[in-house]
>>> print(open('protein-v1.txt').read())   # compact mmCIF, C-alpha atoms and all ligand atoms
# COMPACT_ATOMS: atom_id res chain seq x y z
CA MET A 1 16.86 28.56 -23.79
CA THR A 2 17.12 27.15 -20.28
CA THR A 3 19.29 24.88 -18.14
CA GLU A 4 17.73 22.69 -15.47
CA ILE A 5 15.76 25.00 -13.25
CA PRO A 6 13.59 23.85 -10.35
CA LYS A 7 9.91 24.84 -10.23
CA LYS A 8 10.12 25.78 -6.53
CA GLN A 9 12.71 27.62 -4.44
CA MET A 10 13.30 29.06 -0.98
CA ALA A 11 12.77 32.79 -0.40
CA GLN A 12 12.32 35.34 2.36
CA VAL A 13 8.89 36.85 1.80
CA ILE A 14 7.29 39.96 3.31
CA GLU A 15 3.51 39.37 3.26
CA LYS A 16 2.66 42.64 4.98
CA THR A 17 4.60 45.80 5.75
CA GLY A 18 6.14 45.56 9.20
CA GLY A 19 6.63 41.82 8.87
CA PRO A 20 7.15 39.21 10.07
CA LEU A 21 9.46 37.81 7.41
CA GLN A 22 8.49 34.37 6.16
CA TYR A 23 11.15 31.95 4.99
CA LYS A 24 9.23 29.67 2.67
CA GLU A 25 8.96 27.87 -0.62
CA ILE A 26 7.67 29.89 -3.60
CA ASP A 27 7.48 29.41 -7.38
CA VAL A 28 10.43 30.16 -9.63
CA GLN A 29 9.40 32.78 -12.20
CA GLN A 30 10.19 32.75 -15.92
CA PRO A 31 12.03 35.66 -17.54
CA GLY A 32 10.23 37.88 -20.05
CA PRO A 33 11.77 38.62 -23.50
CA ASP A 34 14.14 41.35 -22.18
CA GLU A 35 14.89 39.62 -18.87
CA ILE A 36 17.18 37.00 -17.42
CA LEU A 37 16.71 34.52 -14.61
CA VAL A 38 19.59 34.66 -12.13
CA ASN A 39 20.49 31.86 -9.73
CA VAL A 40 21.40 34.16 -6.85
CA LYS A 41 24.32 32.74 -4.85
CA PHE A 42 24.91 35.55 -2.36
CA SER A 43 23.09 38.72 -1.46
CA GLY A 44 24.26 41.57 0.73
CA VAL A 45 21.84 42.94 3.33
CA CYS A 46 21.44 46.71 2.98
CA HIS A 47 19.66 48.93 5.49
CA THR A 48 17.30 49.81 2.62
CA ASP A 49 15.91 46.25 2.90
CA LEU A 50 15.04 46.95 6.52
CA HIS A 51 13.44 50.31 5.60
CA ALA A 52 11.32 48.39 3.03
CA LEU A 53 10.23 45.82 5.63
CA LYS A 54 9.30 48.55 8.11
CA GLY A 55 7.56 50.80 5.57
CA ASP A 56 9.80 53.73 6.52
CA TRP A 57 9.52 55.70 3.28
CA PRO A 58 6.73 57.61 1.50
CA LEU A 59 6.83 55.09 -1.38
CA PRO A 60 4.88 51.84 -1.06
CA THR A 61 6.52 48.48 -1.80
CA LYS A 62 4.93 45.69 -3.79
CA LEU A 63 3.29 43.03 -1.60
CA PRO A 64 3.98 40.24 -1.09
CA LEU A 65 7.62 41.22 -1.53
CA VAL A 66 10.92 39.41 -1.78
CA GLY A 67 13.54 41.96 -0.68
CA GLY A 68 17.23 42.19 -1.54
CA HIS A 69 19.20 44.21 -4.09
CA GLU A 70 22.83 43.19 -3.71
CA GLY A 71 22.46 39.84 -5.45
CA ALA A 72 25.42 38.14 -7.08
CA GLY A 73 24.77 35.01 -9.12
CA VAL A 74 24.72 33.10 -12.38
CA VAL A 75 22.52 33.50 -15.47
CA VAL A 76 20.42 30.34 -15.83
CA ALA A 77 17.81 31.43 -18.39
CA ARG A 78 17.37 34.34 -20.75
CA GLY A 79 14.56 35.92 -22.71
CA GLU A 80 14.49 35.66 -26.50
CA LEU A 81 15.78 39.22 -27.04
CA ILE A 82 18.96 38.73 -25.00
CA LYS A 83 22.07 38.24 -27.08
CA ASP A 84 24.88 39.71 -24.98
CA LEU A 85 24.59 37.45 -21.94
CA GLU A 86 25.22 33.71 -21.96
CA LEU A 87 23.98 31.03 -19.60
CA GLY A 88 26.67 30.65 -16.94
CA ASP A 89 27.69 34.32 -17.00
CA HIS A 90 28.06 35.99 -13.60
CA VAL A 91 25.85 38.99 -12.99
CA GLY A 92 24.73 41.30 -10.22
CA ILE A 93 21.19 42.36 -9.37
CA LYS A 94 21.27 46.02 -8.35
CA TRP A 95 18.70 48.36 -6.78
CA ILE A 96 17.87 49.66 -10.26
CA ASN A 97 16.44 46.46 -11.75
CA GLY A 98 15.27 48.17 -14.92
CA SER A 99 14.46 51.56 -16.43
CA CYS A 100 12.78 52.75 -19.63
CA LEU A 101 16.09 53.72 -21.33
CA ALA A 102 14.15 56.29 -23.39
CA CYS A 103 13.11 59.17 -21.09
CA ASP A 104 15.03 62.41 -20.65
CA PHE A 105 16.95 61.01 -17.65
CA CYS A 106 17.70 57.63 -19.18
CA GLN A 107 19.01 59.34 -22.31
CA GLN A 108 21.54 61.13 -20.11
CA SER A 109 22.50 57.94 -18.25
CA ASP A 110 20.65 59.07 -15.14
CA GLU A 111 18.72 55.80 -15.01
CA PRO A 112 18.11 56.03 -11.24
CA LEU A 113 16.01 59.16 -11.92
CA CYS A 114 13.76 57.39 -14.45
CA ALA A 115 10.11 57.66 -13.37
CA LYS A 116 9.59 54.10 -14.64
CA ALA A 117 12.61 52.60 -12.85
CA LEU A 118 11.97 49.18 -11.33
CA LEU A 119 13.51 48.79 -7.88
CA SER A 120 14.83 45.36 -6.87
CA GLY A 121 13.44 44.19 -3.54
CA TYR A 122 11.00 47.10 -3.45
CA THR A 123 8.76 47.48 -6.52
CA VAL A 124 9.83 44.12 -8.02
CA ASP A 125 11.03 40.99 -6.21
CA GLY A 126 14.71 41.07 -5.36
CA SER A 127 17.59 38.81 -4.41
CA PHE A 128 16.52 37.20 -1.11
CA GLN A 129 15.50 34.14 -3.12
CA GLN A 130 17.40 31.51 -5.05
CA TYR A 131 16.16 32.54 -8.51
CA ALA A 132 15.49 36.20 -9.30
CA ILE A 133 14.41 38.06 -12.44
CA ALA A 134 16.27 41.11 -13.75
CA LYS A 135 16.26 43.25 -16.88
CA ALA A 136 19.27 42.18 -18.90
CA ALA A 137 20.20 45.75 -19.87
CA HIS A 138 20.70 46.69 -16.23
CA VAL A 139 22.37 43.74 -14.50
CA ALA A 140 25.99 44.30 -13.53
CA ARG A 141 28.39 42.20 -15.56
CA ILE A 142 30.66 40.44 -13.06
CA PRO A 143 33.92 39.03 -14.44
CA LYS A 144 34.34 35.37 -13.49
CA ASP A 145 37.54 35.94 -11.49
CA ILE A 146 35.60 37.92 -8.87
CA ASP A 147 34.29 36.11 -5.75
CA LEU A 148 30.51 36.35 -5.60
CA ALA A 149 30.15 36.66 -1.79
CA GLY A 150 32.62 39.54 -1.49
CA VAL A 151 31.32 41.46 -4.48
CA ALA A 152 27.65 41.30 -3.41
CA PRO A 153 27.81 44.43 -1.16
CA VAL A 154 29.48 46.35 -3.98
CA LEU A 155 26.23 46.03 -5.96
CA CYS A 156 24.46 48.63 -3.83
CA ALA A 157 26.74 49.91 -1.07
CA GLY A 158 29.84 50.09 -3.29
CA ILE A 159 28.17 51.70 -6.27
CA THR A 160 26.33 54.19 -4.06
CA VAL A 161 29.34 55.43 -2.11
CA TYR A 162 31.56 55.52 -5.19
CA LYS A 163 28.95 57.70 -6.93
CA GLY A 164 28.54 59.81 -3.78
CA LEU A 165 32.28 60.46 -3.61
CA LYS A 166 32.29 61.52 -7.25
CA GLU A 167 29.28 63.78 -6.62
CA SER A 168 31.09 65.35 -3.64
CA GLY A 169 33.69 66.86 -5.96
CA ALA A 170 36.45 66.02 -3.43
CA LYS A 171 39.85 65.77 -5.10
CA PRO A 172 42.82 63.51 -4.34
CA GLY A 173 44.56 64.64 -1.15
CA GLN A 174 41.41 66.24 0.25
CA THR A 175 39.47 65.01 3.28
CA VAL A 176 35.99 63.50 3.39
CA ALA A 177 34.03 62.94 6.60
CA ILE A 178 32.19 59.60 6.46
CA VAL A 179 29.14 59.74 8.74
CA GLY A 180 27.90 56.24 9.59
CA ALA A 181 31.38 54.96 8.79
CA GLY A 182 31.05 51.67 10.68
CA GLY A 183 27.99 50.51 8.73
CA GLY A 184 27.83 48.81 5.34
CA LEU A 185 27.97 51.90 3.14
CA GLY A 186 30.43 53.54 5.51
CA ALA A 187 32.94 50.68 5.43
CA LEU A 188 32.93 50.65 1.64
CA ALA A 189 33.06 54.46 1.47
CA GLN A 190 36.34 54.51 3.39
CA GLN A 191 37.87 52.02 0.96
CA TYR A 192 36.63 53.73 -2.19
CA ALA A 193 37.79 57.08 -0.82
CA LYS A 194 41.23 55.68 -0.09
CA ALA A 195 41.46 54.16 -3.56
CA MET A 196 40.49 57.55 -5.02
CA GLY A 197 43.32 59.27 -3.15
CA LEU A 198 41.15 60.88 -0.49
CA ARG A 199 41.68 61.03 3.26
CA THR A 200 38.80 60.07 5.54
CA ILE A 201 37.53 60.95 9.00
CA ALA A 202 35.13 58.34 10.38
CA ILE A 203 32.10 59.20 12.50
CA ASP A 204 30.13 56.42 14.20
CA THR A 205 29.98 54.78 17.61
CA GLY A 206 31.38 51.89 19.64
CA TYR A 207 34.57 49.91 20.01
CA ASP A 208 33.99 47.49 17.10
CA LYS A 209 33.30 50.24 14.60
CA ARG A 210 36.24 52.31 15.83
CA LYS A 211 38.50 49.30 15.25
CA VAL A 212 37.06 48.58 11.80
CA CYS A 213 37.41 52.21 10.70
CA ALA A 214 41.07 52.30 11.79
CA GLU A 215 41.71 49.16 9.72
CA LEU A 216 39.92 50.68 6.73
CA GLY A 217 42.32 53.61 6.76
CA SER A 218 40.56 56.53 8.43
CA SER A 219 42.90 58.95 10.18
CA ALA A 220 40.44 59.75 12.97
CA PHE A 221 37.34 58.28 14.57
CA ILE A 222 34.77 60.47 16.26
CA ASP A 223 32.28 58.67 18.48
CA PHE A 224 29.03 60.57 18.05
CA ALA A 225 27.55 59.00 21.19
CA THR A 226 30.33 60.02 23.58
CA SER A 227 31.77 63.13 21.93
CA LYS A 228 31.09 66.36 23.82
CA ASN A 229 31.22 68.36 20.60
CA VAL A 230 31.07 66.47 17.28
CA VAL A 231 31.35 69.65 15.20
CA GLN A 232 34.52 70.79 16.91
CA GLU A 233 36.11 67.34 16.90
CA VAL A 234 35.48 66.84 13.18
CA LYS A 235 37.10 70.20 12.39
CA GLU A 236 40.06 69.45 14.64
CA ALA A 237 40.57 66.12 12.89
CA THR A 238 41.53 67.92 9.66
CA GLU A 239 45.16 68.97 9.29
CA ASP A 240 44.50 72.72 9.22
CA GLY A 241 41.42 72.68 11.45
CA LEU A 242 39.20 74.13 8.70
CA GLY A 243 37.00 71.05 8.39
CA PRO A 244 36.57 68.33 5.73
CA HIS A 245 36.21 69.24 2.04
CA ALA A 246 33.17 66.98 1.81
CA VAL A 247 30.79 65.04 4.03
CA LEU A 248 29.08 61.78 3.06
CA LEU A 249 25.96 61.37 5.21
CA LEU A 250 25.28 57.62 5.42
CA ALA A 251 23.70 57.45 8.87
CA VAL A 252 20.21 56.21 9.60
CA SER A 253 19.39 59.03 12.01
CA GLU A 254 18.43 62.65 11.46
CA ARG A 255 20.84 64.38 13.84
CA PRO A 256 23.95 64.33 11.60
CA PHE A 257 21.89 65.74 8.72
CA GLN A 258 21.37 68.80 10.89
CA GLN A 259 25.03 69.06 11.87
CA ALA A 260 27.14 68.55 8.76
CA ALA A 261 26.85 72.11 7.42
CA GLU A 262 28.45 73.32 10.64
CA TYR A 263 31.70 71.42 10.23
CA VAL A 264 32.11 71.15 6.45
CA ARG A 265 34.86 73.37 5.09
CA ALA A 266 34.03 76.59 3.23
CA ARG A 267 33.36 75.74 -0.46
CA GLY A 268 32.79 72.17 0.70
CA SER A 269 29.92 69.83 -0.11
CA VAL A 270 27.51 67.84 2.02
CA VAL A 271 26.23 64.76 0.21
CA CYS A 272 23.07 63.14 1.60
CA ILE A 273 22.82 59.41 0.96
CA GLY A 274 21.34 57.79 4.09
CA LEU A 275 17.54 57.76 4.21
CA PRO A 276 16.36 57.89 7.85
CA ALA A 277 12.56 57.70 8.13
CA GLY A 278 10.78 61.06 8.13
CA ALA A 279 14.02 63.04 8.40
CA TYR A 280 14.63 66.64 7.38
CA LEU A 281 17.78 68.50 6.50
CA LYS A 282 18.74 71.65 8.35
CA ALA A 283 21.52 74.15 7.78
CA PRO A 284 22.01 77.73 8.93
CA VAL A 285 21.35 79.99 5.94
CA PHE A 286 24.03 82.44 7.09
CA ASP A 287 26.82 79.83 7.21
CA THR A 288 25.65 78.19 4.00
CA VAL A 289 25.91 81.50 2.16
CA ILE A 290 29.11 82.92 3.56
CA LYS A 291 30.89 79.54 3.42
CA MET A 292 29.49 78.83 -0.08
CA ILE A 293 28.46 75.33 0.91
CA THR A 294 26.86 72.85 -1.51
CA ILE A 295 24.23 70.51 -0.09
CA LYS A 296 23.03 67.74 -2.39
CA GLY A 297 21.55 64.27 -2.60
CA SER A 298 23.08 61.22 -4.28
CA TYR A 299 21.12 58.15 -5.30
CA VAL A 300 22.82 54.84 -6.20
CA GLY A 301 24.64 55.06 -9.56
CA ASN A 302 24.15 54.45 -13.26
CA ARG A 303 25.42 51.48 -15.25
CA LYS A 304 28.80 53.09 -15.85
CA ASP A 305 29.26 53.93 -12.15
CA SER A 306 28.41 50.30 -11.49
CA SER A 307 31.02 48.83 -13.81
CA GLU A 308 33.64 51.28 -12.52
CA ALA A 309 32.83 50.38 -8.90
CA LEU A 310 33.14 46.68 -9.76
CA ASP A 311 36.49 47.30 -11.41
CA PHE A 312 37.89 48.93 -8.24
CA TYR A 313 36.85 45.74 -6.40
CA ARG A 314 38.34 43.49 -9.06
CA ARG A 315 41.69 45.27 -8.75
CA GLY A 316 41.82 44.38 -5.05
CA LEU A 317 41.43 47.98 -3.89
CA ILE A 318 38.24 47.43 -1.87
CA LYS A 319 38.51 45.29 1.26
CA PHE A 320 35.90 45.44 3.99
CA PRO A 321 34.57 43.24 6.79
CA TYR A 322 31.59 41.04 5.95
CA LYS A 323 30.00 37.95 7.48
CA VAL A 324 28.20 35.24 5.51
CA VAL A 325 25.11 33.59 7.03
CA GLY A 326 22.27 31.51 5.55
CA LEU A 327 19.31 33.20 3.83
CA SER A 328 17.15 31.50 6.48
CA GLU A 329 18.81 33.74 9.12
CA LEU A 330 17.83 37.06 7.54
CA GLN A 331 15.53 38.02 10.42
CA SER A 332 18.41 37.87 12.90
CA VAL A 333 20.52 40.07 10.61
CA TYR A 334 17.73 42.68 10.68
CA GLU A 335 17.65 42.51 14.47
CA LEU A 336 21.37 43.29 14.67
CA MET A 337 21.00 46.05 12.08
CA GLU A 338 18.14 47.65 14.00
CA LYS A 339 20.38 47.82 17.08
CA GLY A 340 23.24 49.33 15.07
CA ALA A 341 25.30 46.27 16.00
CA ILE A 342 26.75 45.46 12.56
CA ALA A 343 30.26 46.66 11.75
CA GLY A 344 30.50 46.27 7.97
CA ARG A 345 28.04 44.10 6.05
CA TYR A 346 26.17 40.80 6.32
CA VAL A 347 25.87 38.67 3.20
CA VAL A 348 23.32 35.85 2.93
CA ASP A 349 24.05 32.55 1.20
CA THR A 350 20.84 31.55 -0.60
CA SER A 351 21.66 27.81 -0.43
CA LYS A 352 21.33 27.76 3.38
O1 LIG B 401 21.28 55.59 -3.11
C1 LIG B 401 21.20 55.86 -1.93
N1 LIG B 401 21.08 57.12 -1.50
C2 LIG B 401 21.29 54.76 -0.93
C3 LIG B 401 21.78 53.50 -1.32
C4 LIG B 401 21.92 52.51 -0.35
C5 LIG B 401 21.54 52.75 0.96
C6 LIG B 401 20.92 54.96 0.40
N2 LIG B 401 21.05 53.97 1.30
C7 LIG B 401 20.68 54.27 2.69
C8 LIG B 401 20.00 53.16 3.47
O2 LIG B 401 18.64 53.06 3.14
C9 LIG B 401 20.25 53.65 4.89
O3 LIG B 401 19.30 54.67 5.23
O4 LIG B 401 21.87 54.52 3.41
C10 LIG B 401 21.64 54.28 4.79
C11 LIG B 401 22.79 53.46 5.36
O5 LIG B 401 22.71 52.13 4.87
P1 LIG B 401 23.67 50.97 5.48
O6 LIG B 401 25.07 51.41 5.42
O7 LIG B 401 23.25 49.70 4.84
O8 LIG B 401 23.20 50.99 7.03
P2 LIG B 401 23.96 50.44 8.33
O9 LIG B 401 24.90 49.35 7.97
O10 LIG B 401 22.90 50.17 9.34
O11 LIG B 401 24.84 51.69 8.81
C12 LIG B 401 24.31 52.87 9.36
C13 LIG B 401 25.35 53.42 10.31
O12 LIG B 401 24.95 54.73 10.75
C14 LIG B 401 25.43 54.89 12.07
C15 LIG B 401 25.13 53.54 12.71
O13 LIG B 401 25.87 53.35 13.92
C16 LIG B 401 25.53 52.58 11.59
O14 LIG B 401 26.89 52.15 11.70
N3 LIG B 401 24.86 56.07 12.70
C17 LIG B 401 23.65 56.33 13.23
I1 LIG B 401 22.10 55.11 13.23
N4 LIG B 401 23.54 57.56 13.76
C18 LIG B 401 24.73 58.13 13.53
C19 LIG B 401 25.26 59.42 13.84
N5 LIG B 401 24.53 60.34 14.52
C20 LIG B 401 25.56 57.22 12.86
N6 LIG B 401 26.81 57.54 12.49
C21 LIG B 401 27.25 58.79 12.80
N7 LIG B 401 26.52 59.71 13.45
ZN ZN B 402 21.07 49.22 -0.80
ZN ZN B 403 13.68 56.33 -18.22
>>> encode(input="protein-v1.txt", output="structure tokens")
Amino acid sequence: MTTEIPKKQMAQVIEKTGGPLQYKEIDVQQPGPDEILVNVKFSGVCHTDLHALKGDWPLPTKLPLVGGHEGAGVVVARGELIKDLELGDHVGIKWINGSCLACDFCQQSDEPLCAKALLSGYTVDGSFQQYAIAKAAHVARIPKDIDLAGVAPVLCAGITVYKGLKESGAKPGQTVAIVGAGGGLGALAQQYAKAMGLRTIAIDTGYDKRKVCAELGSSAFIDFATSKNVVQEVKEATEDGLGPHAVLLLAVSERPFQQAAEYVRARGSVVCIGLPAGAYLKAPVFDTVIKMITIKGSYVGNRKDSSEALDFYRRGLIKFPYKVVGLSELQSVYELMEKGAIAGRYVVDTSK
């Protein structure tokens, strides 16, 4: 069952780790029995895509690789087993492209922990191409009244920070410190937190990010590059001076991972989400014990987290700054990202 699908398409291809990226014509693949072919319209650019290009993590990527895992598009072909998706339906390609659905983790809806999980734009080709393959069971179902460019960053950044906020245990009225607040995940985190009734303190650097964070609703902005004492300033930014109830670590540098335990409130939680290359966590044992701090990791979200995160967006609760550029310009987006010069998210339009 197919509509008219070209044999060739444009894609951004990584031939070898470290790059360069090659914008070129490649074949359009055919979906297997449990897969769909998605005509990707827009794809968000996550810092994970840059980590994949640079080979930052102790997990090899497939090569050659088409990156991208925030792909929003339209179903144009489906495998013979697929009954619950129609041609023309809008779907989202997420980081978790597929999982076994049978292992101990999958049975408990912890699909990201599945040892056989397929990762879009990492172990399988992702959304920086016009036609991408995804397992039908895992694609996000996107209602047709949602704009595809704006929802693209929700498909990784949105789901991830929404899950991270849930994992933090912070309750309505409490305060969460968002570290890396001016970046893609950070911008969305402030909006999800607000929608969940939480207060936020933003930590990042520079005028643009300060401005963006104020617009997104954070009550304070701490500039990590100019602050004389980040720990003290974060504590002082909470109403009673006792520090935030939770910390979401979204930064792509190690330093804040060594700092958060010092300013989180007693009984509070530190949630690690950012994945700086080769980084280690550090916390004083004494403070961790006598403050009863929880330190944990949080990794994307399951299918239910995904549909909930999409629903927040659909209800108009999640607004964040994003810029749309052509897929052909991906390299220049990475250059800005490397410099930390992106406030919010870039989204690529695969038709340009
Ligand atoms: O499931 C997961 N755990 C998951 C999902 C998606 C993404 C993890 N990630 C990871 C990415 O791989 C990346 O390592 O989250 C990290 C953030 O992704 P992003 O938001 O897409 O990156 P960005 O837009 O470049 O934002 C990073 C921000 O961190 C700030 C930068 O200024 C930038 O705004 N930052 C840095 I670098 N050092 C900082 C510091 N010391 C800092 N902010 C505060 N304090
Ligand atoms: Zn991502
Ligand atoms: Zn599994």
>>> residues_around(input="protein-v1.txt", residues="Ala52 in chain A", least_positions_apart="5", cutoff="10 Å", atoms="all atoms listed in the file", output="list of chain:residue names")
A:Ile14, A:Thr17, A:Gly18, A:Gly19, A:His47, A:Trp57, A:Leu59, A:Pro60, A:Thr61, A:Lys62, A:Leu65, A:Gly67, A:Gly68, A:Gly121, A:Tyr122, A:Thr123
>>> closest_residue(input="protein-v1.txt", among="A:Ile26, A:Arg345, A:Glu239, A:Arg303", to="Ile93 in chain A", atoms="all atoms listed in the file")
A:Arg303
>>> closest_residue(input="protein-v1.txt", among="A:Arg199, A:Lys211, A:Arg255, A:His245", to="ligand LIG 401 (chain B)", atoms="only C-alpha atoms and all ligand atoms")
A:Arg255
>>> residues_around(input="protein-v1.txt", residues="range 223-235 of chain A", least_positions_apart="6", cutoff="9 Å", atoms="only C-alpha atoms", output="MDAnalysis selection string")
chainID A and resid 177 201:206 210 241:244 259:260 262:265
>>> atom_distance(input="protein-v1.txt", atom1="CA of Asp349 in chain A", atom2="CA of Ser120 in chain A")
17.7 Å
>>> closest_atom_pairs(input="protein-v1.txt", of="chain A", to="ligand ZN 402 (chain B)", cutoff="12 Å", atoms="only C-alpha atoms and all ligand atoms", output="tab-separated table")
residue	atom	partner	partner_atom	distance
A:Ser43	CA	B:ZN402	ZN	10.7
A:Gly44	CA	B:ZN402	ZN	8.4
A:Val45	CA	B:ZN402	ZN	7.6
A:Cys46	CA	B:ZN402	ZN	4.6
A:His47	CA	B:ZN402	ZN	6.5
A:Thr48	CA	B:ZN402	ZN	5.1
A:Asp49	CA	B:ZN402	ZN	7.0
A:Leu50	CA	B:ZN402	ZN	9.8
A:His51	CA	B:ZN402	ZN	10.0
A:Ala52	CA	B:ZN402	ZN	10.5
A:Gly67	CA	B:ZN402	ZN	10.5
A:Gly68	CA	B:ZN402	ZN	8.0
A:His69	CA	B:ZN402	ZN	6.3
A:Glu70	CA	B:ZN402	ZN	6.9
A:Gly71	CA	B:ZN402	ZN	10.6
A:Ile93	CA	B:ZN402	ZN	11.0
A:Lys94	CA	B:ZN402	ZN	8.2
A:Trp95	CA	B:ZN402	ZN	6.5
A:Ile96	CA	B:ZN402	ZN	10.0
A:Leu119	CA	B:ZN402	ZN	10.4
A:Ser120	CA	B:ZN402	ZN	9.5
A:Gly121	CA	B:ZN402	ZN	9.5
A:Tyr122	CA	B:ZN402	ZN	10.6
A:Gly126	CA	B:ZN402	ZN	11.3
A:Ser127	CA	B:ZN402	ZN	11.6
A:Ala152	CA	B:ZN402	ZN	10.6
A:Pro153	CA	B:ZN402	ZN	8.3
A:Val154	CA	B:ZN402	ZN	9.4
A:Leu155	CA	B:ZN402	ZN	8.0
A:Cys156	CA	B:ZN402	ZN	4.6
A:Ala157	CA	B:ZN402	ZN	5.7
A:Gly158	CA	B:ZN402	ZN	9.2
A:Ile159	CA	B:ZN402	ZN	9.3
A:Thr160	CA	B:ZN402	ZN	7.9
A:Val161	CA	B:ZN402	ZN	10.4
A:Gly183	CA	B:ZN402	ZN	11.8
A:Gly184	CA	B:ZN402	ZN	9.1
A:Leu185	CA	B:ZN402	ZN	8.4
A:Leu250	CA	B:ZN402	ZN	11.3
A:Ile273	CA	B:ZN402	ZN	10.5
A:Gly274	CA	B:ZN402	ZN	9.9
A:Leu275	CA	B:ZN402	ZN	10.5
A:Tyr299	CA	B:ZN402	ZN	10.0
A:Val300	CA	B:ZN402	ZN	8.0
A:Gly301	CA	B:ZN402	ZN	11.1
A:Arg345	CA	B:ZN402	ZN	11.0
>>> write_last_selection(input="protein-v1.txt", atoms="C-alpha atoms", output="compact mmCIF listing (two decimals), in the coordinates of the input")
# COMPACT_ATOMS: atom_id res chain seq x y z
CA SER A 43 23.09 38.72 -1.46
CA GLY A 44 24.26 41.57 0.73
CA VAL A 45 21.84 42.94 3.33
CA CYS A 46 21.44 46.71 2.98
CA HIS A 47 19.66 48.93 5.49
CA THR A 48 17.30 49.81 2.62
CA ASP A 49 15.91 46.25 2.90
CA LEU A 50 15.04 46.95 6.52
CA HIS A 51 13.44 50.31 5.60
CA ALA A 52 11.32 48.39 3.03
CA GLY A 67 13.54 41.96 -0.68
CA GLY A 68 17.23 42.19 -1.54
CA HIS A 69 19.20 44.21 -4.09
CA GLU A 70 22.83 43.19 -3.71
CA GLY A 71 22.46 39.84 -5.45
CA ILE A 93 21.19 42.36 -9.37
CA LYS A 94 21.27 46.02 -8.35
CA TRP A 95 18.70 48.36 -6.78
CA ILE A 96 17.87 49.66 -10.26
CA LEU A 119 13.51 48.79 -7.88
CA SER A 120 14.83 45.36 -6.87
CA GLY A 121 13.44 44.19 -3.54
CA TYR A 122 11.00 47.10 -3.45
CA GLY A 126 14.71 41.07 -5.36
CA SER A 127 17.59 38.81 -4.41
CA ALA A 152 27.65 41.30 -3.41
CA PRO A 153 27.81 44.43 -1.16
CA VAL A 154 29.48 46.35 -3.98
CA LEU A 155 26.23 46.03 -5.96
CA CYS A 156 24.46 48.63 -3.83
CA ALA A 157 26.74 49.91 -1.07
CA GLY A 158 29.84 50.09 -3.29
CA ILE A 159 28.17 51.70 -6.27
CA THR A 160 26.33 54.19 -4.06
CA VAL A 161 29.34 55.43 -2.11
CA GLY A 183 27.99 50.51 8.73
CA GLY A 184 27.83 48.81 5.34
CA LEU A 185 27.97 51.90 3.14
CA LEU A 250 25.28 57.62 5.42
CA ILE A 273 22.82 59.41 0.96
CA GLY A 274 21.34 57.79 4.09
CA LEU A 275 17.54 57.76 4.21
CA TYR A 299 21.12 58.15 -5.30
CA VAL A 300 22.82 54.84 -6.20
CA GLY A 301 24.64 55.06 -9.56
CA ARG A 345 28.04 44.10 6.05
>>> atom_distance(input="protein-v1.txt", atom1="CA of Cys106 in chain A", atom2="CA of Lys83 in chain A")
21.4 Å
>>> closest_residue(input="protein-v1.txt", among="A:Tyr23, A:Tyr313, A:Phe221, A:Tyr192", to="Lys209 in chain A", atoms="all atoms listed in the file")
A:Phe221
>>> closest_residue(input="protein-v1.txt", among="A:Thr294, A:Ser306, A:Ser109, A:Gln258", to="ligand ZN 403 (chain B)", atoms="only C-alpha atoms and all ligand atoms")
A:Ser109
>>> closest_residue(input="protein-v1.txt", among="A:Cys100, A:Leu188, A:Ile82, A:Val13", to="Gln129 in chain A", atoms="all atoms listed in the file")
A:Val13
>>> closest_residue(input="protein-v1.txt", among="A:Lys116, A:Lys54, A:Lys163, A:Lys8", to="ligand ZN 403 (chain B)", atoms="only C-alpha atoms and all ligand atoms")
A:Lys116
>>> residues_near_ligand(input="protein-v1.txt", ligand="ligand ZN 403 (chain B)", cutoff="9 Å", atoms="all atoms listed in the file", output="PDB file with C-alpha atoms, in the frame of the given file")
ATOM      1  CA  GLY A  98      15.270  48.170 -14.920  1.00  0.00           C
ATOM      2  CA  SER A  99      14.460  51.560 -16.430  1.00  0.00           C
ATOM      3  CA  CYS A 100      12.780  52.750 -19.630  1.00  0.00           C
ATOM      4  CA  LEU A 101      16.090  53.720 -21.330  1.00  0.00           C
ATOM      5  CA  ALA A 102      14.150  56.290 -23.390  1.00  0.00           C
ATOM      6  CA  CYS A 103      13.110  59.170 -21.090  1.00  0.00           C
ATOM      7  CA  ASP A 104      15.030  62.410 -20.650  1.00  0.00           C
ATOM      8  CA  PHE A 105      16.950  61.010 -17.650  1.00  0.00           C
ATOM      9  CA  CYS A 106      17.700  57.630 -19.180  1.00  0.00           C
ATOM     10  CA  GLN A 107      19.010  59.340 -22.310  1.00  0.00           C
ATOM     11  CA  SER A 109      22.500  57.940 -18.250  1.00  0.00           C
ATOM     12  CA  ASP A 110      20.650  59.070 -15.140  1.00  0.00           C
ATOM     13  CA  GLU A 111      18.720  55.800 -15.010  1.00  0.00           C
ATOM     14  CA  PRO A 112      18.110  56.030 -11.240  1.00  0.00           C
ATOM     15  CA  LEU A 113      16.010  59.160 -11.920  1.00  0.00           C
ATOM     16  CA  CYS A 114      13.760  57.390 -14.450  1.00  0.00           C
ATOM     17  CA  ALA A 115      10.110  57.660 -13.370  1.00  0.00           C
ATOM     18  CA  LYS A 116       9.590  54.100 -14.640  1.00  0.00           C
ATOM     19  CA  ALA A 117      12.610  52.600 -12.850  1.00  0.00           C
TER      20      ALA A 117
END
>>> residues_around(input="protein-v1.txt", residues="Ile293 in chain A", least_positions_apart="5", cutoff="8 Å", atoms="all atoms listed in the file", output="PyMOL selection string")
chain A and resi 261+264-270+287-288
>>> atom_distance(input="protein-v1.txt", atom1="CA of Gln22 in chain A", atom2="CA of Ala72 in chain A")
21.8 Å
